$ cat work-v9.txt   # compact mmCIF, C-alpha atoms
# COMPACT_ATOMS: atom_id res chain seq x y z
CA MET V 1 0.00 0.00 0.00
CA SER V 2 1.52 3.31 -1.01
CA THR V 3 1.82 6.49 1.04
CA ASN V 4 -0.75 8.12 -1.25
CA LYS V 5 -3.13 5.32 -0.43
CA LEU V 6 -2.52 5.79 3.33
CA SER V 7 -3.56 9.45 3.07
CA GLU V 8 -6.92 8.26 1.69
CA LEU V 9 -7.51 6.50 5.03
CA THR V 10 -7.58 9.70 7.12
CA GLY V 11 -10.76 10.00 9.19
CA ASP V 12 -12.61 9.23 12.40
CA TYR V 13 -12.88 5.56 13.34
CA VAL V 14 -14.56 3.35 15.91
CA LEU V 15 -13.16 0.02 17.06
CA ASP V 16 -14.95 -3.07 15.74
CA PRO V 17 -14.90 -5.40 18.79
CA ALA V 18 -16.28 -8.35 16.80
CA HIS V 19 -13.16 -8.33 14.60
CA THR V 20 -10.57 -7.15 17.12
CA ARG V 21 -8.43 -9.20 19.49
CA ILE V 22 -6.45 -7.65 22.34
CA GLY V 23 -4.26 -10.31 23.86
CA PHE V 24 -1.10 -11.06 25.77
CA ILE V 25 1.55 -13.72 26.25
CA ALA V 26 3.39 -14.21 29.55
CA ARG V 27 6.05 -16.81 30.24
CA HIS V 28 5.06 -18.96 33.22
CA THR V 29 7.52 -21.04 35.30
CA MET V 30 10.18 -20.15 32.72
CA ALA V 31 9.03 -22.95 30.41
CA THR V 32 5.44 -22.51 29.31
CA ARG V 33 3.59 -19.53 27.97
CA VAL V 34 0.20 -18.38 29.14
CA ARG V 35 -1.85 -16.75 26.39
CA GLY V 36 -4.96 -14.75 26.97
CA ASN V 37 -7.11 -11.93 25.76
CA PHE V 38 -9.68 -9.43 26.91
CA ARG V 39 -13.30 -9.94 25.85
CA THR V 40 -14.73 -6.46 26.58
CA PHE V 41 -13.27 -3.22 25.25
CA ASP V 42 -14.13 -0.19 23.15
CA GLY V 43 -12.26 2.56 21.44
CA ASN V 44 -12.14 5.27 18.83
CA ALA V 45 -9.53 7.19 16.93
CA HIS V 46 -8.95 10.07 14.60
CA LEU V 47 -6.28 8.89 12.15
CA ASP V 48 -4.57 11.55 10.07
CA PHE V 49 -2.15 9.99 7.61
CA ASP V 50 -1.42 13.37 6.00
CA ALA V 51 -0.23 14.70 9.37
CA PRO V 52 0.18 11.66 11.66
CA PRO V 53 1.03 13.72 14.79
CA ARG V 54 -2.55 15.10 14.66
CA SER V 55 -3.95 11.61 15.18
CA SER V 56 -5.66 10.84 18.49
CA GLY V 57 -7.52 7.97 20.06
CA ARG V 58 -8.50 6.03 23.15
CA LEU V 59 -8.88 2.34 23.99
CA THR V 60 -10.66 1.23 27.17
CA ILE V 61 -10.42 -2.41 28.28
CA GLN V 62 -12.56 -3.91 31.03
CA ALA V 63 -9.91 -5.63 33.16
CA LYS V 64 -12.38 -8.22 34.52
CA SER V 65 -12.93 -9.49 30.98
CA ILE V 66 -9.56 -11.29 31.01
CA ASP V 67 -9.74 -14.77 29.50
CA THR V 68 -6.85 -17.24 29.67
CA GLY V 69 -9.02 -20.31 29.22
CA ASN V 70 -8.91 -21.04 32.95
CA ARG V 71 -11.44 -19.29 35.18
CA GLN V 72 -9.43 -19.80 38.39
CA ARG V 73 -6.33 -18.29 36.76
CA ASP V 74 -8.44 -15.43 35.31
CA ASP V 75 -9.71 -14.56 38.80
CA LEU V 76 -6.18 -14.70 40.25
CA VAL V 77 -4.62 -12.62 37.47
CA GLY V 78 -7.49 -10.15 37.64
CA ARG V 79 -7.24 -9.64 41.39
CA LYS V 80 -3.49 -9.97 42.03
CA PHE V 81 -1.95 -8.74 38.80
CA LEU V 82 -4.48 -6.28 37.40
CA GLY V 83 -6.11 -5.14 40.65
CA VAL V 84 -9.56 -5.18 39.05
CA ASP V 85 -11.39 -4.31 42.27
CA ASP V 86 -9.66 -0.92 42.52
CA HIS V 87 -8.81 -0.48 38.83
CA PRO V 88 -11.61 -1.89 36.67
CA THR V 89 -10.25 -0.50 33.38
CA ILE V 90 -7.01 -0.50 31.44
CA THR V 91 -6.68 2.46 29.09
CA PHE V 92 -4.45 3.45 26.23
CA VAL V 93 -4.54 7.09 25.12
CA LEU V 94 -2.86 7.75 21.80
CA THR V 95 -0.36 10.61 21.94
CA GLY V 96 1.33 10.28 18.55
CA VAL V 97 1.54 8.38 15.30
CA GLU V 98 4.51 8.24 12.99
CA GLN V 99 4.64 6.47 9.65
CA SER V 100 7.57 4.03 9.73
CA GLY V 101 7.20 2.34 6.36
CA GLU V 102 4.90 2.01 3.41
CA ALA V 103 2.24 0.25 5.47
CA ASN V 104 3.63 0.60 9.01
CA VAL V 105 3.01 3.13 11.75
CA GLU V 106 4.45 3.56 15.23
CA VAL V 107 1.69 4.40 17.66
CA THR V 108 2.78 6.05 20.89
CA GLY V 109 0.50 6.50 23.84
CA ASP V 110 -0.02 6.33 27.57
CA LEU V 111 -0.95 2.92 28.94
CA THR V 112 -2.71 3.10 32.33
CA MET V 113 -2.96 -0.08 34.34
CA ARG V 114 -3.43 -0.43 38.11
CA GLY V 115 -3.61 3.38 38.28
CA ILE V 116 -0.08 3.76 36.88
CA THR V 117 0.48 5.48 33.55
CA ARG V 118 3.55 4.80 31.40
CA PRO V 119 4.28 5.59 27.74
CA ILE V 120 4.57 2.74 25.22
CA THR V 121 5.11 2.58 21.47
CA VAL V 122 3.49 -0.14 19.38
CA GLU V 123 4.65 -0.90 15.84
CA PHE V 124 1.55 -1.60 13.74
CA GLU V 125 1.34 -3.04 10.26
CA LEU V 126 -1.63 -2.15 8.09
CA THR V 127 -2.94 -5.54 6.98
CA GLY V 128 -6.06 -4.48 5.10
CA ALA V 129 -8.27 -1.62 4.01
CA GLN V 130 -11.53 -2.16 2.19
CA THR V 131 -15.11 -1.00 1.92
CA ASP V 132 -17.49 -3.38 3.67
CA PRO V 133 -20.92 -4.45 2.31
CA HIS V 134 -22.53 -1.51 4.16
CA GLY V 135 -20.31 1.02 2.39
CA ALA V 136 -18.07 1.76 5.40
CA LEU V 137 -14.29 1.77 5.13
CA ARG V 138 -12.65 -0.83 7.37
CA ILE V 139 -8.96 -0.86 8.27
CA ASP V 140 -7.13 -3.77 9.87
CA PHE V 141 -3.86 -3.42 11.82
CA THR V 142 -1.70 -5.89 13.68
CA GLY V 143 1.00 -5.10 16.21
CA SER V 144 2.67 -5.99 19.47
CA VAL V 145 4.87 -4.57 22.19
CA THR V 146 6.74 -6.13 25.11
CA ILE V 147 6.27 -4.45 28.48
CA ASP V 148 7.69 -5.06 31.94
CA ARG V 149 4.81 -5.76 34.33
CA LYS V 150 6.84 -4.26 37.19
CA ASP V 151 6.55 -0.82 35.54
CA TRP V 152 2.82 -0.99 36.35
CA GLY V 153 3.24 -2.10 39.95
CA VAL V 154 2.83 -5.85 39.45
CA HIS V 155 5.30 -7.05 42.07
CA TRP V 156 3.11 -9.71 43.63
CA LYS V 157 5.54 -11.95 45.55
CA ALA V 158 4.25 -15.25 44.14
CA ALA V 159 4.89 -13.88 40.65
CA ALA V 160 8.62 -13.68 41.30
CA GLY V 161 10.19 -16.62 39.55
CA MET V 162 6.86 -18.02 38.38
CA VAL V 163 5.84 -15.39 35.85
CA SER V 164 8.38 -13.51 33.78
CA PRO V 165 8.36 -9.74 34.21
CA LYS V 166 8.14 -9.40 30.41
CA VAL V 167 4.64 -9.56 28.92
CA VAL V 168 3.90 -9.30 25.21
CA LEU V 169 0.77 -7.31 24.38
CA GLN V 170 -0.79 -8.27 21.03
CA PHE V 171 -3.23 -6.25 18.96
CA ASP V 172 -5.23 -7.42 15.96
CA VAL V 173 -7.38 -4.37 15.42
CA ALA V 174 -10.25 -3.63 13.05
CA VAL V 175 -11.66 -0.11 12.87
CA ILE V 176 -14.59 1.32 10.89
CA ARG V 177 -14.49 4.86 9.50
CA LYS V 178 -17.33 7.06 10.73
CA SER V 179 -16.38 10.16 8.72

$ encode --input "work-v9.txt" --output "structure tokens"
Amino acid sequence: MSTNKLSELTGDYVLDPAHTRIGFIARHTMATRVRGNFRTFDGNAHLDFDAPPRSSGRLTIQAKSIDTGNRQRDDLVGRKFLGVDDHPTITFVLTGVEQSGEANVEVTGDLTMRGITRPITVEFELTGAQTDPHGALRIDFTGSVTIDRKDWGVHWKAAAGMVSPKVVLQFDVAVIRKS
């Protein structure tokens, strides 16, 4: 997809939760990996590919919607790692976008988890852009970033040695243009 084509994608978008996956991978006991995702989230963005720094957006994840395929583990991770009772949401507020290739963008923003806000940058690849059967433009992106859970106050003593401090956040995102 060419740069000229990217500029045609400028507009206001809403997240399509039916076609979006927000997940994570954490190494457990230094041998296995625990994979999971969040089931409930919403978001919107203004994407400006002519002037990427003017882009803005917000993603809100319901922390209790964590799903690792094991309800007991979900409850433990929710309470001990995410602190869902005091911090029911995880948010990402977009602070900048920079084109880093023909179909790649670096999205920088503030990730707030457990009441702690830290900046992160996610490298996204544009994987599709097409008009859906209803006439709306849909864009698909995929990206990931590795974070250190300790930066967000996850120092739970049982986690030491059992769960790696590095957690990979994964995003397969579909957005629908509203204007």

$ closest_residue --input "work-v9.txt" --among "V:Ala129, V:Lys166, V:Gly135, V:Ala63" --to "Arg79 (chain V)" --atoms "all atoms listed in the file"
V:Ala63

$ closest_residue --input "work-v9.txt" --among "V:His46, V:Arg54, V:Lys178, V:Arg35" --to "His134 (chain V)" --atoms "only C-alpha atoms"
V:Lys178

$ atom_distance --input "work-v9.txt" --atom1 "CA of Thr127 (chain V)" --atom2 "CA of Leu9 (chain V)"
13.0 Å

$ closest_residue --input "work-v9.txt" --among "V:Asp74, V:Pro53, V:Leu137, V:Asp67" --to "Glu106 (chain V)" --atoms "all atoms listed in the file"
V:Pro53

$ atom_distance --input "work-v9.txt" --atom1 "CA of Ser7 (chain V)" --atom2 "CA of Gly143 (chain V)"
20.1 Å

$ closest_residue --input "work-v9.txt" --among "V:Gly96, V:Gly36, V:Gly101, V:Gly128" --to "Ile176 (chain V)" --atoms "only C-alpha atoms"
V:Gly128

$ closest_residue --input "work-v9.txt" --among "V:Lys64, V:Ile116, V:Asn44, V:Thr131" --to "Lys150 (chain V)" --atoms "all atoms listed in the file"
V:Ile116

$ residues_around --input "work-v9.txt" --residues "Phe92 (chain V)" --least-positions-apart "3" --cutoff "7 Å" --atoms "only C-alpha atoms" --output "PDB file with C-alpha atoms, keeping the file's coordinate frame"
ATOM      1  CA  ARG V  58      -8.500   6.030  23.150  1.00  0.00           C
ATOM      2  CA  LEU V  59      -8.880   2.340  23.990  1.00  0.00           C
ATOM      3  CA  THR V  60     -10.660   1.230  27.170  1.00  0.00           C
ATOM      4  CA  GLY V 109       0.500   6.500  23.840  1.00  0.00           C
ATOM      5  CA  ASP V 110      -0.020   6.330  27.570  1.00  0.00           C
ATOM      6  CA  LEU V 111      -0.950   2.920  28.940  1.00  0.00           C
ATOM      7  CA  THR V 112      -2.710   3.100  32.330  1.00  0.00           C
TER       8      THR V 112
END

$ atom_distance --input "work-v9.txt" --atom1 "CA of Asp16 (chain V)" --atom2 "CA of Val34 (chain V)"
25.4 Å

$ closest_residue --input "work-v9.txt" --among "V:Val122, V:Leu94, V:Ala18, V:Ile25" --to "Gly57 (chain V)" --atoms "all atoms listed in the file"
V:Leu94

$ decode --input "work-v9.txt" --residues "region 40-175 of chain V" --atoms "C-alpha atoms" --output "short mmCIF file (atom, residue, chain, number, x, y, z; two decimals), in the first residue's frame"
data_model
loop_
_atom_site.label_atom_id
_atom_site.label_comp_id
_atom_site.auth_asym_id
_atom_site.auth_seq_id
_atom_site.Cartn_x
_atom_site.Cartn_y
_atom_site.Cartn_z
CA THR V 40 -14.73 -6.46 26.58
CA PHE V 41 -13.27 -3.22 25.25
CA ASP V 42 -14.13 -0.19 23.15
CA GLY V 43 -12.26 2.56 21.44
CA ASN V 44 -12.14 5.27 18.83
CA ALA V 45 -9.53 7.19 16.93
CA HIS V 46 -8.95 10.07 14.60
CA LEU V 47 -6.28 8.89 12.15
CA ASP V 48 -4.57 11.55 10.07
CA PHE V 49 -2.15 9.99 7.61
CA ASP V 50 -1.42 13.37 6.00
CA ALA V 51 -0.23 14.70 9.37
CA PRO V 52 0.18 11.66 11.66
CA PRO V 53 1.03 13.72 14.79
CA ARG V 54 -2.55 15.10 14.66
CA SER V 55 -3.95 11.61 15.18
CA SER V 56 -5.66 10.84 18.49
CA GLY V 57 -7.52 7.97 20.06
CA ARG V 58 -8.50 6.03 23.15
CA LEU V 59 -8.88 2.34 23.99
CA THR V 60 -10.66 1.23 27.17
CA ILE V 61 -10.42 -2.41 28.28
CA GLN V 62 -12.56 -3.91 31.03
CA ALA V 63 -9.91 -5.63 33.16
CA LYS V 64 -12.38 -8.22 34.52
CA SER V 65 -12.93 -9.49 30.98
CA ILE V 66 -9.56 -11.29 31.01
CA ASP V 67 -9.74 -14.77 29.50
CA THR V 68 -6.85 -17.24 29.67
CA GLY V 69 -9.02 -20.31 29.22
CA ASN V 70 -8.91 -21.04 32.95
CA ARG V 71 -11.44 -19.29 35.18
CA GLN V 72 -9.43 -19.80 38.39
CA ARG V 73 -6.33 -18.29 36.76
CA ASP V 74 -8.44 -15.43 35.31
CA ASP V 75 -9.71 -14.56 38.80
CA LEU V 76 -6.18 -14.70 40.25
CA VAL V 77 -4.62 -12.62 37.47
CA GLY V 78 -7.49 -10.15 37.64
CA ARG V 79 -7.24 -9.64 41.39
CA LYS V 80 -3.49 -9.97 42.03
CA PHE V 81 -1.95 -8.74 38.80
CA LEU V 82 -4.48 -6.28 37.40
CA GLY V 83 -6.11 -5.14 40.65
CA VAL V 84 -9.56 -5.18 39.05
CA ASP V 85 -11.39 -4.31 42.27
CA ASP V 86 -9.66 -0.92 42.52
CA HIS V 87 -8.81 -0.48 38.83
CA PRO V 88 -11.61 -1.89 36.67
CA THR V 89 -10.25 -0.50 33.38
CA ILE V 90 -7.01 -0.50 31.44
CA THR V 91 -6.68 2.46 29.09
CA PHE V 92 -4.45 3.45 26.23
CA VAL V 93 -4.54 7.09 25.12
CA LEU V 94 -2.86 7.75 21.80
CA THR V 95 -0.36 10.61 21.94
CA GLY V 96 1.33 10.28 18.55
CA VAL V 97 1.54 8.38 15.30
CA GLU V 98 4.51 8.24 12.99
CA GLN V 99 4.64 6.47 9.65
CA SER V 100 7.57 4.03 9.73
CA GLY V 101 7.20 2.34 6.36
CA GLU V 102 4.90 2.01 3.41
CA ALA V 103 2.24 0.25 5.47
CA ASN V 104 3.63 0.60 9.01
CA VAL V 105 3.01 3.13 11.75
CA GLU V 106 4.45 3.56 15.23
CA VAL V 107 1.69 4.40 17.66
CA THR V 108 2.78 6.05 20.89
CA GLY V 109 0.50 6.50 23.84
CA ASP V 110 -0.02 6.33 27.57
CA LEU V 111 -0.95 2.92 28.94
CA THR V 112 -2.71 3.10 32.33
CA MET V 113 -2.96 -0.08 34.34
CA ARG V 114 -3.43 -0.43 38.11
CA GLY V 115 -3.61 3.38 38.28
CA ILE V 116 -0.08 3.76 36.88
CA THR V 117 0.48 5.48 33.55
CA ARG V 118 3.55 4.80 31.40
CA PRO V 119 4.28 5.59 27.74
CA ILE V 120 4.57 2.74 25.22
CA THR V 121 5.11 2.58 21.47
CA VAL V 122 3.49 -0.14 19.38
CA GLU V 123 4.65 -0.90 15.84
CA PHE V 124 1.55 -1.60 13.74
CA GLU V 125 1.34 -3.04 10.26
CA LEU V 126 -1.63 -2.15 8.09
CA THR V 127 -2.94 -5.54 6.98
CA GLY V 128 -6.06 -4.48 5.10
CA ALA V 129 -8.27 -1.62 4.01
CA GLN V 130 -11.53 -2.16 2.19
CA THR V 131 -15.11 -1.00 1.92
CA ASP V 132 -17.49 -3.38 3.67
CA PRO V 133 -20.92 -4.45 2.31
CA HIS V 134 -22.53 -1.51 4.16
CA GLY V 135 -20.31 1.02 2.39
CA ALA V 136 -18.07 1.76 5.40
CA LEU V 137 -14.29 1.77 5.13
CA ARG V 138 -12.65 -0.83 7.37
CA ILE V 139 -8.96 -0.86 8.27
CA ASP V 140 -7.13 -3.77 9.87
CA PHE V 141 -3.86 -3.42 11.82
CA THR V 142 -1.70 -5.89 13.68
CA GLY V 143 1.00 -5.10 16.21
CA SER V 144 2.67 -5.99 19.47
CA VAL V 145 4.87 -4.57 22.19
CA THR V 146 6.74 -6.13 25.11
CA ILE V 147 6.27 -4.45 28.48
CA ASP V 148 7.69 -5.06 31.94
CA ARG V 149 4.81 -5.76 34.33
CA LYS V 150 6.84 -4.26 37.19
CA ASP V 151 6.55 -0.82 35.54
CA TRP V 152 2.82 -0.99 36.35
CA GLY V 153 3.24 -2.10 39.95
CA VAL V 154 2.83 -5.85 39.45
CA HIS V 155 5.30 -7.05 42.07
CA TRP V 156 3.11 -9.71 43.63
CA LYS V 157 5.54 -11.95 45.55
CA ALA V 158 4.25 -15.25 44.14
CA ALA V 159 4.89 -13.88 40.65
CA ALA V 160 8.62 -13.68 41.30
CA GLY V 161 10.19 -16.62 39.55
CA MET V 162 6.86 -18.02 38.38
CA VAL V 163 5.84 -15.39 35.85
CA SER V 164 8.38 -13.51 33.78
CA PRO V 165 8.36 -9.74 34.21
CA LYS V 166 8.14 -9.40 30.41
CA VAL V 167 4.64 -9.56 28.92
CA VAL V 168 3.90 -9.30 25.21
CA LEU V 169 0.77 -7.31 24.38
CA GLN V 170 -0.79 -8.27 21.03
CA PHE V 171 -3.23 -6.25 18.96
CA ASP V 172 -5.23 -7.42 15.96
CA VAL V 173 -7.38 -4.37 15.42
CA ALA V 174 -10.25 -3.63 13.05
CA VAL V 175 -11.66 -0.11 12.87
#
